[in-house]
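J.: For reference, the structure I am asking about is given below.
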Amino acid sequence: MPGIVKTIDNVLRGRLTRKEDLAAGRIDVPVPTLVAAGLLLGIVYGLCMGLFAVMREGNPSTPQLFATAVKVPLLFLLTLVVTYPSLYVVSALFDSRLRSAQTLRLLLTAMCVNLALLASLGPVTAFFTLSTDSYSFMVLLNVLFMGLSGIAGLAFLRRALDAVFHVAPPVELPVKPSQAPAAEFGRAPGDSAADFGERASRPMLRAPARFATPPSRRIFSFWLLIYGVVGAQMGWILRPFIGDPGLEFQFFRARESNFFAAVIEALQNLFS
Amino acid sequence: MIAHVDALLRARGPFAVGRGPVPLALLVALLAICGFLYGAAMGASDARALQALYSGLKVPLLLACATLFCLPNFFVVNTFLGLREDFGAALRAVLSAQATVAVALCAMSPLILTVYASSENYRFAVFMNGVIFALATLAGQRTLMRHYAPLVQSNPRHRICRLAWVLLYVFVAIQLAWVLRPFIGDPGSASTFFREGAWSNAYVVILRDVLGF
């Protein structure tokens with residue numbers, strides 16, 4: 001247990017993801033401890049989130065509390081399991097210095113950051129749970145907190161990816177404006193194996209790297225899209241987390257609708 | 001006590017800006033005493049001793065609980081942004097700001113008594129208390145800024161931490177104040193510690209009753 005807390009602390013302090021280590025493609029994080037830390041943090045927030053089902057007036061449900069405590073860490077771990085292969089393929093396509101195991105470690109670390117921020121908002125969620133009976137408000141508050149902590153996790157990931165791809169600024173090649181057709185493709189050096197031949201034959205036609213989107217940012221955009229959509233939908237599949245007061249406890253609900261339609265509906269309910 | 005209040009307001013002595021140990025006992029004592037005095041004045045609108053006692057207990061409770069609920073997040077955000085080394089100073093800043101709010105409230109308690117003496121209008125009393133809380137919060141901001149100035153200078157990321165703290169704190173404090181009501185005591189109802197049916201959500205009430213959604 002103290003080891004887990006220590007690991008969480010080290011992750012947050014960025015001691016496990018130093019720039020020089022990342023630049024060398026090294027991430028020395030103990031995977032089992034990170035998973036345990038993720039589980040612990042997820043359970044803490046899950047208990048705060050599931051409290052609403054126990055406290056609500058009429059139809060209180062204790063099983064929902066335990067179900068939510070299990071589901072929150074599950075949500076993050078399953079999302080990682082489902083998206084990891086695609087995320088790895090994308091980063092490998094861009095010639096990332098991180099091997100497959102290192103990529104997994106980086107993603108686990110980012111998940112830990114995300115969950116640590118979420119768990120730190122747990123007391124606020126619990127307080128609002130104790131003082132509100134509006135189900136729609138709790139749904140939106142939880143979506144907001146998950147979103148905010150998600151942004152922190154992503155900021156961490158983006159910084160780490162920048163460090164992974166950090167290279168000394170390239171020497172600018174003299175390029176005449178009329179001779180720079182490659183710039184319109186927006187490729188950075190080493191984008192893929194496919195443009196190697198082109199580069200070898202026409203080295204002077206490459207645009208200076210600073211005009212192109214760096215590969216770290218491209219990987220990040222792909223990851224953001226894949227992870228965000230899958231994560232949101234995974235949350236929807238695993239619902240109920242909070243427990244609609246009008247419905248009986250179920251471990252999973254029927255397969256219907258999707259996350260984005262549900263958020264819009266909660267907004268409409270709150271304003272009607 | 002006056003000497004401590006003076007030191008707090010000027011950020012000197014044990015409350016000086018910097019990294020030293022947080023003078024927790026002093027800050028808690030100032031918050032409890034000053035908060036109690038303002039609360040007692042706040043609840044004295046109808047000259048009911050019981051309501052004054054209840055409100056006296058509730059004002060420090062409000063300030064302390066809102067702080068406690070937000071501290072875990074403040075700690076994690078500071079650590080995450082790589083500002084853990086400065087956390088002692090940041091904690092001094094937010095806790096001193098809380099104590100400053102209580103001191104400012106206490107200083108304005110004669111004002112609220114004058115308001116009560118000059119009008120029997122309950123809504124006006126509520127409004128003036130709102131104004132006084134807003135002013136006290138500004139006083140707290142002054143202390144927060146003073147403590148944060150060298151921090152921001154050493155690392156601009158401290159701005160994010162300060163903003164995150166203020167936003168979350170205000171969000172929580174508004175709801176907590178709503179839950180802990182009555183503070184003033186409607187002349188039409190009996191003195192109570194918690195109002196019947198107070199466990200509702202301030203934001204939902206504002207949306208429904210004030211904005212008419």
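Ordering of the structure tokens sets the chain letters (A, B, ...), residue numbers begin anew at 1 in every chain, and ligands are numbered from 1 in the order given.
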Quick one: residues within 12 Å of region 143-153 of chain B, only C-alpha atoms, excluding same-chain residues fewer than 3 positions away - as a ChimeraX atom specification?
T.: /B:7-12,15-19,78,83-101,103-104,136-140,156-163,165-166
J.: If you run DSSP on this backbone, which residues of chain B come out as helix (DSSP H, G or I), and could you give them as a VMD selection string?
T.: chain B and resid 2 to 10 13 to 15 24 to 42 49 to 80 84 to 107 109 to 118 122 to 154 158 to 180 202 to 210
J.: So how many Å separate CA of Ile242 (chain A) and CA of Leu65 (chain A), to one decimal?
T.: 8.4 Å
J.: Using only C-alpha atoms, what does the table of chain B residues within 9 Å of chain A look like, with each row giving the shortest atom pair and its distance in Å to one decimal, sorted by chain and ascending number, as a Markdown table?
T.:
```
| residue | atom | partner | partner_atom | distance |
| --- | --- | --- | --- | --- |
| B:Leu68 | CA | A:Pro123 | CA | 8.6 |
| B:Phe69 | CA | A:Pro123 | CA | 5.5 |
| B:Cys70 | CA | A:Val124 | CA | 6.9 |
| B:Leu71 | CA | A:Ser120 | CA | 8.4 |
| B:Pro72 | CA | A:Ser120 | CA | 5.1 |
| B:Asn73 | CA | A:Ser120 | CA | 4.5 |
| B:Phe74 | CA | A:Ser120 | CA | 8.2 |
| B:Phe75 | CA | A:Ser120 | CA | 8.2 |
| B:Val76 | CA | A:Leu117 | CA | 6.3 |
| B:Val77 | CA | A:Leu117 | CA | 7.2 |
| B:Thr79 | CA | A:Arg13 | CA | 5.6 |
| B:Phe80 | CA | A:Leu12 | CA | 4.7 |
| B:Leu81 | CA | A:Arg13 | CA | 7.7 |
| B:Gly82 | CA | A:Arg13 | CA | 5.6 |
| B:Leu83 | CA | A:Arg13 | CA | 8.3 |
| B:Arg84 | CA | A:Arg13 | CA | 7.4 |
| B:Leu168 | CA | A:Val124 | CA | 8.8 |
| B:Val172 | CA | A:Val124 | CA | 7.1 |
| B:Gln175 | CA | A:Phe128 | CA | 7.8 |
| B:Leu176 | CA | A:Ser131 | CA | 8.4 |
| B:Val179 | CA | A:Ser131 | CA | 6.7 |
| B:Ala198 | CA | A:Ser131 | CA | 8.2 |
| B:Trp199 | CA | A:Ser131 | CA | 4.7 |
| B:Ser200 | CA | A:Thr132 | CA | 4.7 |
| B:Asn201 | CA | A:Thr132 | CA | 4.8 |
| B:Ala202 | CA | A:Thr132 | CA | 8.5 |
| B:Tyr203 | CA | A:Phe137 | CA | 8.6 |
| B:Val204 | CA | A:Phe137 | CA | 7.5 |
| B:Leu207 | CA | A:Phe271 | CA | 7.1 |
| B:Arg208 | CA | A:Phe271 | CA | 7.5 |
| B:Gly212 | CA | A:Phe271 | CA | 8.8 |
| B:Phe213 | CA | A:Phe271 | CA | 5.2 |
```
J.: So which residues touch Cys106 (chain B) within 8 Å, counting only C-alpha atoms, skipping near sequence neighbours fewer than 5 positions away, as an MDAnalysis selection string?
T.: chainID B and resid 34:35 37:38
J.: The selected residues should be written to file as a PDB file, in the first residue's frame (atoms: all heavy atoms).
T.:
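As written to disk, result_20.pdb reads:
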```pdb
ATOM      1  N   CYS B  34     -13.093  34.745  14.490  1.00  0.00           N
ATOM      2  CA  CYS B  34     -13.652  35.830  13.667  1.00  0.00           C
ATOM      3  C   CYS B  34     -14.912  35.373  12.956  1.00  0.00           C
ATOM      4  O   CYS B  34     -15.901  36.115  12.868  1.00  0.00           O
ATOM      5  CB  CYS B  34     -12.620  36.308  12.654  1.00  0.00           C
ATOM      6  SG  CYS B  34     -11.221  37.086  13.445  1.00  0.00           S
ATOM      7  N   GLY B  35     -14.887  34.121  12.459  1.00  0.00           N
ATOM      8  CA  GLY B  35     -16.066  33.592  11.779  1.00  0.00           C
ATOM      9  C   GLY B  35     -17.247  33.527  12.738  1.00  0.00           C
ATOM     10  O   GLY B  35     -18.370  33.894  12.384  1.00  0.00           O
ATOM     11  N   LEU B  37     -17.779  35.358  15.395  1.00  0.00           N
ATOM     12  CA  LEU B  37     -18.277  36.706  15.731  1.00  0.00           C
ATOM     13  C   LEU B  37     -19.177  37.241  14.624  1.00  0.00           C
ATOM     14  O   LEU B  37     -20.256  37.777  14.888  1.00  0.00           O
ATOM     15  CB  LEU B  37     -17.094  37.651  15.977  1.00  0.00           C
ATOM     16  CG  LEU B  37     -16.328  37.367  17.272  1.00  0.00           C
ATOM     17  CD1 LEU B  37     -15.133  38.295  17.402  1.00  0.00           C
ATOM     18  CD2 LEU B  37     -17.260  37.516  18.485  1.00  0.00           C
ATOM     19  N   TYR B  38     -18.746  37.082  13.350  1.00  0.00           N
ATOM     20  CA  TYR B  38     -19.591  37.592  12.274  1.00  0.00           C
ATOM     21  C   TYR B  38     -20.894  36.801  12.203  1.00  0.00           C
ATOM     22  O   TYR B  38     -21.970  37.360  12.032  1.00  0.00           O
ATOM     23  CB  TYR B  38     -18.895  37.557  10.909  1.00  0.00           C
ATOM     24  CG  TYR B  38     -19.810  38.098   9.832  1.00  0.00           C
ATOM     25  CD1 TYR B  38     -20.025  39.462   9.713  1.00  0.00           C
ATOM     26  CD2 TYR B  38     -20.512  37.244   8.988  1.00  0.00           C
ATOM     27  CE1 TYR B  38     -20.894  39.966   8.772  1.00  0.00           C
ATOM     28  CE2 TYR B  38     -21.393  37.737   8.041  1.00  0.00           C
ATOM     29  CZ  TYR B  38     -21.571  39.098   7.939  1.00  0.00           C
ATOM     30  OH  TYR B  38     -22.450  39.598   7.014  1.00  0.00           O
TER      31      TYR B  38
END
```
J.: Residues near Thr83 (chain A), anyone? I mean within 9 Å using only C-alpha atoms, not counting same-chain ones fewer than 3 positions away, as a list in words.
T.: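 Returned residues: Leu78, Thr79, Leu80, Ser86, Leu87, Tyr88, Trp223, Ile226, Tyr227, Val230 and Gly231 of chain A.
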J.: Just the selected residues (N, CA and C atoms), exported as a PDB file, in the first residue's frame, please.
T.:
```
ATOM      1  N   LEU A  78     -10.377  -1.130 -19.116  1.00  0.00           N
ATOM      2  CA  LEU A  78     -10.925  -1.723 -20.340  1.00  0.00           C
ATOM      3  C   LEU A  78     -10.687  -0.819 -21.546  1.00  0.00           C
ATOM      4  N   THR A  79     -10.860   0.493 -21.350  1.00  0.00           N
ATOM      5  CA  THR A  79     -10.619   1.415 -22.457  1.00  0.00           C
ATOM      6  C   THR A  79      -9.186   1.267 -22.952  1.00  0.00           C
ATOM      7  N   LEU A  80      -8.262   1.128 -21.978  1.00  0.00           N
ATOM      8  CA  LEU A  80      -6.862   0.977 -22.352  1.00  0.00           C
ATOM      9  C   LEU A  80      -6.641  -0.323 -23.113  1.00  0.00           C
ATOM     10  N   SER A  86      -4.539  -0.321 -31.255  1.00  0.00           N
ATOM     11  CA  SER A  86      -4.605   0.725 -32.289  1.00  0.00           C
ATOM     12  C   SER A  86      -3.631   1.861 -31.975  1.00  0.00           C
ATOM     13  N   LEU A  87      -3.552   2.216 -30.701  1.00  0.00           N
ATOM     14  CA  LEU A  87      -2.661   3.319 -30.335  1.00  0.00           C
ATOM     15  C   LEU A  87      -1.212   2.960 -30.635  1.00  0.00           C
ATOM     16  N   TYR A  88      -0.884   1.682 -30.353  1.00  0.00           N
ATOM     17  CA  TYR A  88       0.490   1.256 -30.606  1.00  0.00           C
ATOM     18  C   TYR A  88       0.800   1.301 -32.098  1.00  0.00           C
ATOM     19  N   TRP A 223      -4.473   9.541 -31.107  1.00  0.00           N
ATOM     20  CA  TRP A 223      -4.726   8.910 -29.808  1.00  0.00           C
ATOM     21  C   TRP A 223      -5.934   9.557 -29.141  1.00  0.00           C
ATOM     22  N   ILE A 226      -9.148   8.311 -30.841  1.00  0.00           N
ATOM     23  CA  ILE A 226      -9.464   6.903 -30.562  1.00  0.00           C
ATOM     24  C   ILE A 226      -9.836   6.726 -29.088  1.00  0.00           C
ATOM     25  N   TYR A 227      -8.962   7.238 -28.224  1.00  0.00           N
ATOM     26  CA  TYR A 227      -9.137   7.030 -26.786  1.00  0.00           C
ATOM     27  C   TYR A 227     -10.386   7.743 -26.287  1.00  0.00           C
ATOM     28  N   VAL A 230     -13.673   5.928 -27.674  1.00  0.00           N
ATOM     29  CA  VAL A 230     -13.847   4.614 -27.043  1.00  0.00           C
ATOM     30  C   VAL A 230     -14.128   4.787 -25.547  1.00  0.00           C
ATOM     31  N   GLY A 231     -13.392   5.698 -24.902  1.00  0.00           N
ATOM     32  CA  GLY A 231     -13.581   5.910 -23.463  1.00  0.00           C
ATOM     33  C   GLY A 231     -14.999   6.350 -23.149  1.00  0.00           C
TER      34      GLY A 231
END
```
J.: Taking 3 positions as the minimum chain separation for residues in the same chain, which residues sit within 10 Å of Ala190 (chain B) when counting only C-alpha atoms? Answer as a PyMOL selection string.
T.: chain B and resi 48+50-51+185-187+193+195
J.: Just want the 12 Å neighbourhood of Gly3 (chain A), counted on only C-alpha atoms, with same-chain residues fewer than 6 positions away dropped. Output as JSON, numbers by chain.
T.: {"A": [9, 10, 30, 32, 33, 34, 36, 37]}
J.: Near Pro245 (chain A), within 12 Å and counting only C-alpha atoms, which residues show up once chain neighbours fewer than 4 positions away are dropped, as a PyMOL selection string?
T.: chain A and resi 52-61+64+133-136+138+240-241+249
J.: I need the chosen residues saved as a short mmCIF file (atom, residue, chain, number, x, y, z; two decimals), in the first residue's frame, with all heavy atoms.
T.:
```
data_model
loop_
_atom_site.label_atom_id
_atom_site.label_comp_id
_atom_site.auth_asym_id
_atom_site.auth_seq_id
_atom_site.Cartn_x
_atom_site.Cartn_y
_atom_site.Cartn_z
N PHE A 52 -24.44 8.36 -4.56
CA PHE A 52 -25.74 8.94 -4.92
C PHE A 52 -26.85 7.89 -4.85
O PHE A 52 -27.95 8.16 -4.38
CB PHE A 52 -25.67 9.54 -6.33
CG PHE A 52 -26.95 10.21 -6.76
CD1 PHE A 52 -27.28 11.47 -6.30
CD2 PHE A 52 -27.83 9.57 -7.63
CE1 PHE A 52 -28.45 12.08 -6.69
CE2 PHE A 52 -29.02 10.18 -8.01
CZ PHE A 52 -29.32 11.45 -7.54
N ALA A 53 -26.52 6.65 -5.31
CA ALA A 53 -27.52 5.59 -5.34
C ALA A 53 -27.96 5.22 -3.93
O ALA A 53 -29.10 4.85 -3.69
CB ALA A 53 -26.96 4.37 -6.06
N VAL A 54 -27.02 5.32 -2.96
CA VAL A 54 -27.35 4.96 -1.58
C VAL A 54 -28.13 6.07 -0.90
O VAL A 54 -29.03 5.82 -0.10
CB VAL A 54 -26.04 4.67 -0.79
CG1 VAL A 54 -26.36 4.22 0.62
CG2 VAL A 54 -25.22 3.62 -1.51
N MET A 55 -27.78 7.33 -1.22
CA MET A 55 -28.35 8.46 -0.50
C MET A 55 -29.68 8.94 -1.07
O MET A 55 -30.39 9.68 -0.41
CB MET A 55 -27.37 9.64 -0.51
CG MET A 55 -26.01 9.35 0.05
SD MET A 55 -26.07 8.76 1.74
CE MET A 55 -26.76 10.19 2.55
N ARG A 56 -29.99 8.58 -2.31
CA ARG A 56 -31.18 9.16 -2.93
C ARG A 56 -32.44 8.75 -2.16
O ARG A 56 -32.53 7.66 -1.60
CB ARG A 56 -31.27 8.74 -4.39
CG ARG A 56 -31.59 7.29 -4.57
CD ARG A 56 -31.30 6.84 -5.98
NE ARG A 56 -31.57 5.41 -6.10
CZ ARG A 56 -31.17 4.67 -7.11
NH1 ARG A 56 -30.45 5.17 -8.08
NH2 ARG A 56 -31.45 3.39 -7.15
N GLU A 57 -33.42 9.64 -2.21
CA GLU A 57 -34.68 9.38 -1.50
C GLU A 57 -35.54 8.45 -2.34
O GLU A 57 -35.73 8.65 -3.52
CB GLU A 57 -35.41 10.69 -1.26
CG GLU A 57 -34.90 11.38 -0.01
CD GLU A 57 -35.69 12.62 0.31
OE1 GLU A 57 -36.89 12.65 0.00
OE2 GLU A 57 -35.08 13.54 0.84
N GLY A 58 -36.09 7.43 -1.71
CA GLY A 58 -36.92 6.49 -2.42
C GLY A 58 -36.05 5.61 -3.30
O GLY A 58 -35.23 6.12 -4.07
N ASN A 59 -36.18 4.32 -3.17
CA ASN A 59 -35.44 3.41 -4.01
C ASN A 59 -33.92 3.51 -3.84
O ASN A 59 -33.20 3.53 -4.83
CB ASN A 59 -35.83 3.65 -5.48
CG ASN A 59 -35.41 2.50 -6.37
OD1 ASN A 59 -35.03 1.45 -5.86
ND2 ASN A 59 -35.45 2.70 -7.67
N PRO A 60 -33.42 3.61 -2.59
CA PRO A 60 -31.95 3.61 -2.44
C PRO A 60 -31.39 2.22 -2.76
O PRO A 60 -32.08 1.22 -2.56
CB PRO A 60 -31.73 3.94 -0.96
CG PRO A 60 -32.99 3.57 -0.27
CD PRO A 60 -34.11 3.64 -1.28
N SER A 61 -30.18 2.20 -3.29
CA SER A 61 -29.63 0.93 -3.75
C SER A 61 -28.18 0.82 -3.33
O SER A 61 -27.32 1.50 -3.87
CB SER A 61 -29.78 0.86 -5.27
OG SER A 61 -28.86 -0.03 -5.81
N GLN A 64 -25.54 -0.73 -5.97
CA GLN A 64 -25.02 0.22 -6.96
C GLN A 64 -23.69 0.82 -6.50
O GLN A 64 -22.79 1.04 -7.31
CB GLN A 64 -26.05 1.33 -7.21
CG GLN A 64 -25.64 2.34 -8.25
CD GLN A 64 -25.56 1.76 -9.64
OE1 GLN A 64 -26.53 1.24 -10.16
NE2 GLN A 64 -24.40 1.83 -10.25
N ASP A 133 -30.68 16.19 -4.95
CA ASP A 133 -31.48 15.05 -5.36
C ASP A 133 -31.71 15.07 -6.86
O ASP A 133 -32.49 14.31 -7.39
CB ASP A 133 -32.82 15.01 -4.60
CG ASP A 133 -33.54 16.33 -4.68
OD1 ASP A 133 -33.03 17.24 -5.37
OD2 ASP A 133 -34.60 16.48 -4.05
N SER A 134 -31.00 15.97 -7.56
CA SER A 134 -31.17 16.06 -9.01
C SER A 134 -30.22 15.07 -9.69
O SER A 134 -29.00 15.23 -9.65
CB SER A 134 -30.88 17.48 -9.49
OG SER A 134 -30.74 17.49 -10.88
N TYR A 135 -30.82 14.07 -10.31
CA TYR A 135 -30.03 13.04 -10.98
C TYR A 135 -29.26 13.65 -12.17
O TYR A 135 -28.07 13.38 -12.34
CB TYR A 135 -30.96 11.92 -11.44
CG TYR A 135 -30.31 10.89 -12.31
CD1 TYR A 135 -29.31 10.06 -11.84
CD2 TYR A 135 -30.72 10.73 -13.64
CE1 TYR A 135 -28.72 9.12 -12.65
CE2 TYR A 135 -30.14 9.78 -14.45
CZ TYR A 135 -29.14 8.98 -13.96
OH TYR A 135 -28.55 8.05 -14.76
N SER A 136 -29.95 14.50 -12.95
CA SER A 136 -29.30 15.09 -14.12
C SER A 136 -28.09 15.92 -13.72
O SER A 136 -27.05 15.90 -14.39
CB SER A 136 -30.28 15.99 -14.88
OG SER A 136 -31.40 15.26 -15.25
N MET A 138 -26.13 15.44 -11.16
CA MET A 138 -25.02 14.56 -10.80
C MET A 138 -24.37 13.97 -12.05
O MET A 138 -23.16 13.81 -12.11
CB MET A 138 -25.51 13.43 -9.88
CG MET A 138 -25.82 13.86 -8.47
SD MET A 138 -24.60 14.94 -7.73
CE MET A 138 -23.19 13.86 -7.59
N PRO A 240 -25.20 1.39 -15.49
CA PRO A 240 -25.26 2.64 -14.73
C PRO A 240 -24.10 2.82 -13.74
O PRO A 240 -23.69 1.87 -13.10
CB PRO A 240 -26.56 2.49 -13.95
CG PRO A 240 -26.68 1.02 -13.72
CD PRO A 240 -26.09 0.36 -14.92
N PHE A 241 -23.61 4.05 -13.66
CA PHE A 241 -22.61 4.41 -12.65
C PHE A 241 -23.28 5.12 -11.47
O PHE A 241 -22.91 4.95 -10.33
CB PHE A 241 -21.57 5.36 -13.24
CG PHE A 241 -20.55 4.66 -14.08
CD1 PHE A 241 -20.75 4.47 -15.43
CD2 PHE A 241 -19.39 4.19 -13.52
CE1 PHE A 241 -19.81 3.84 -16.21
CE2 PHE A 241 -18.44 3.55 -14.29
CZ PHE A 241 -18.65 3.37 -15.64
N PHE A 249 -31.94 -1.45 -9.70
CA PHE A 249 -30.52 -1.72 -9.87
C PHE A 249 -30.28 -2.85 -10.87
O PHE A 249 -30.92 -3.89 -10.81
CB PHE A 249 -29.88 -2.08 -8.53
CG PHE A 249 -28.49 -2.62 -8.67
CD1 PHE A 249 -27.45 -1.76 -9.00
CD2 PHE A 249 -28.21 -3.97 -8.54
CE1 PHE A 249 -26.16 -2.25 -9.18
CE2 PHE A 249 -26.93 -4.46 -8.71
CZ PHE A 249 -25.91 -3.59 -9.02
#
```
